[in-house]
Amino acid sequence: MPETRFPPAQVCRFLAAAFGRLGLPAGDALTVAELMTQAEVQGSDGHGVIRLAPYARRIRAGGIKLVPDIRVVKEKAAMALVDGDNGMGHLVMKRATEIAIEKARRCGIAWVGSRLSNHAGPASLYARMALAHDMVGMYFAVGNANHLPPWGGLDMLLSTNPIAVAVPAGEEPPVVLDMATTVTAYGKVKAKAQRGEQMPEGWMIDRTGAPLTDPKRADEGFLLPIGGYKGYGLAMVVGLLAGTLNGAAMGSEVVDFNKDDTTVTNTGQAILVIDPDAFGDVADFKARVDKLVRELRGAERMPGVDRIWIPGEQSHAKRIANERDGLLLPPALRTQLDALARDLGVPLLQDA
């Protein structure tokens with residue numbers, strides 16, 4: 001099957017149709033499809049279209065509630081706890097982020113946590129939502145499978161536990177940091193396996209400490225934390241804030257949604273939104289962000305370095321290119337999507 005580019009709107013229609021046939025209400029199906037398409041557009045392919053098949057498998061097995069009662073169960077002026085009622089994580093976190101933005105508008109800052117959620121795609125999707133309101137967004141989550149032992153241990157008790165921060169700028173693109181607390185997110189391991197590619201050394205090691213580069217053997221080892229023991233500590237703290245604080249799963253309670261389609265994951269996430277207006281003039285703040293970005297980008301470079309990148313610049317460039325040229329989906333993924341489309345009785349992607 002040749003590699004083909006598809007307009008993002010076409011991919012979104014395909015995803016919405018698939019989720020509709022799986023039983024999601026039309027509005028919810030479109031919301032999830034839009035967020036998954038946004039993930040693909042920004043280059044987060046490990047959290048984009050590749051996730052449709054496992055989501056479908058879990059929905060069909062009854063592991064996700066199709067019509068959840070997503071609601072606030074505890075609230076103060078600048079905080080809230082959202083119960084996702086085991087709905088799609090995208091729906092839970094979109095609601096939580098909207099609540100956080102509105103509370104930050106009133107209070108200057110807001111923290112909203114979630115429990116009984118599910119996998120919600122790349123962290124930056126939700127941190128970036130604050131940018132449209134000239135606000136700073138910070139997102140934290142407990143990953144949906146444990147791939148990281150405590151430093152020096154072998155028991156898988158921690159996940160990739162991602163962090164994302166989005167800071168608005170003026171004339172420059174926003175500064176967006178999106179990172180796992182491991183060297184790479186597990187979604188990238190899945191993407192490598194599907195494309196038949198090897199992983200670089202430094203992503204994973206086996207239980208003897210030897211480098212593991214075959215993504216199809218990922219179950220034989222574990223991901224490495226960023227910065228050694230510091231990354232392990234960061235993964236633990238993020239899990240405490242996004243999981244334990246919300247009454248969500250953490251440690252041995254985390255369900256591996258790659259292998260278990262029926263058990264409720266009770267995924268925990270959190271979104272923090274800061275309104276710069278609480279600290280001074282927003283335009284001045286954004287101008288100062290621009291100034292810093294230009295200073296960093298214009299810094300003297302080491303030999304052989306063509307450009308200094310600012311966090312988020314490469315995904316910003318991918319977004320522009322993918323919106324212009326369309327989304328390139330690997331042949332193996334296309335084959336999987338075609339099979340799923342026939343199974344669900346929806347038009348194939350090229351006909352969506």
# chains A, B, ... in the order shown; residues from 1 in each chain; ligands from 1

call {"tool": "residues_around", "arguments": {"residues": "Leu245 (chain A)", "least_positions_apart": "2", "cutoff": "10 Å", "atoms": "only C-alpha atoms", "output": "MDAnalysis selection string"}}
result
chainID A and resid 81 113:115 239:243 247:250 268:270

call {"tool": "residues_around", "arguments": {"residues": "Ala283 (chain A)", "least_positions_apart": "3", "cutoff": "12 Å", "atoms": "only C-alpha atoms", "output": "list in words"}}
result
Asp134, Met135, Pro168, Ala169, Gly170, Glu171, Pro276, Asp277, Phe279, Gly280, Lys286, Ala287, Arg288, Val289 and Asp290 of chain A

call {"tool": "closest_residue", "arguments": {"among": "A:Pro174, A:Pro149, A:Gly89, A:Gly298", "to": "Ala130 (chain A)", "atoms": "only C-alpha atoms"}}
result
A:Pro174

call {"tool": "residues_around", "arguments": {"residues": "Pro200 (chain A)", "least_positions_apart": "2", "cutoff": "10 Å", "atoms": "only C-alpha atoms", "output": "list in words"}}
result
Glu197, Gln198, Gly202, Trp203, Met204, Pro211, Leu212, Thr213, Asp214 and Pro215 of chain A

call {"tool": "closest_residue", "arguments": {"among": "A:Met156, A:Val183, A:Val254, A:Leu349", "to": "Asn118 (chain A)", "atoms": "only C-alpha atoms"}}
result
A:Val254

call {"tool": "atom_distance", "arguments": {"atom1": "CA of Ala120 (chain A)", "atom2": "CA of Ile101 (chain A)"}}
result
18.2 Å

call {"tool": "closest_atom_pairs", "arguments": {"of": "region 120-199 of chain A", "to": "region 309-332 of chain A", "cutoff": "6 Å", "atoms": "only C-alpha atoms", "output": "Markdown table"}}
result
| residue | atom | partner | partner_atom | distance |
| --- | --- | --- | --- | --- |
| A:Val175 | CA | A:Gly312 | CA | 5.5 |
| A:Val176 | CA | A:Gly312 | CA | 4.4 |
| A:Leu177 | CA | A:Pro311 | CA | 5.2 |

call {"tool": "select_by_dssp", "arguments": {"residues": "region 56-283 of chain A", "states": "helix (DSSP H, G or I)", "output": "PyMOL selection string"}}
result
chain A and resi 56-60+89-107+124-133+186-195+215-220+229-242+244-246+251-253+276-278+282-283

call {"tool": "closest_residue", "arguments": {"among": "A:Val305, A:Met93, A:Leu234, A:Ile59", "to": "Phe257 (chain A)", "atoms": "only C-alpha atoms"}}
result
A:Ile59

call {"tool": "closest_residue", "arguments": {"among": "A:Leu158, A:Ile205, A:Leu125, A:Leu272", "to": "Gly143 (chain A)", "atoms": "only C-alpha atoms"}}
result
A:Leu158

call {"tool": "closest_atom_pairs", "arguments": {"of": "region 68-160 of chain A", "to": "region 228-231 of chain A", "cutoff": "10 Å", "atoms": "only C-alpha atoms", "output": "CSV"}}
result
residue,atom,partner,partner_atom,distance
A:Pro150,CA,A:Tyr229,CA,8.5
A:Trp151,CA,A:Tyr229,CA,5.7
A:Gly152,CA,A:Tyr229,CA,8.6
A:Thr160,CA,A:Gly231,CA,9.7

call {"tool": "write_last_selection", "arguments": {"atoms": "C-alpha atoms", "output": "mmCIF file, in the first residue's frame"}}
result
data_model
loop_
_atom_site.group_PDB
_atom_site.id
_atom_site.type_symbol
_atom_site.label_atom_id
_atom_site.label_comp_id
_atom_site.auth_asym_id
_atom_site.auth_seq_id
_atom_site.Cartn_x
_atom_site.Cartn_y
_atom_site.Cartn_z
ATOM 1 C CA PRO A 150 11.774 2.673 40.861
ATOM 2 C CA TRP A 151 15.421 3.662 40.475
ATOM 3 C CA GLY A 152 17.502 0.513 40.991
ATOM 4 C CA THR A 160 5.715 7.662 31.734
#

call {"tool": "closest_residue", "arguments": {"among": "A:Asn86, A:Ser159, A:Gln42, A:Asn146", "to": "Thr265 (chain A)", "atoms": "only C-alpha atoms"}}
result
A:Asn86

call {"tool": "closest_residue", "arguments": {"among": "A:Ala39, A:Leu148, A:Leu292, A:Ile109", "to": "Ser124 (chain A)", "atoms": "only C-alpha atoms"}}
result
A:Ala39
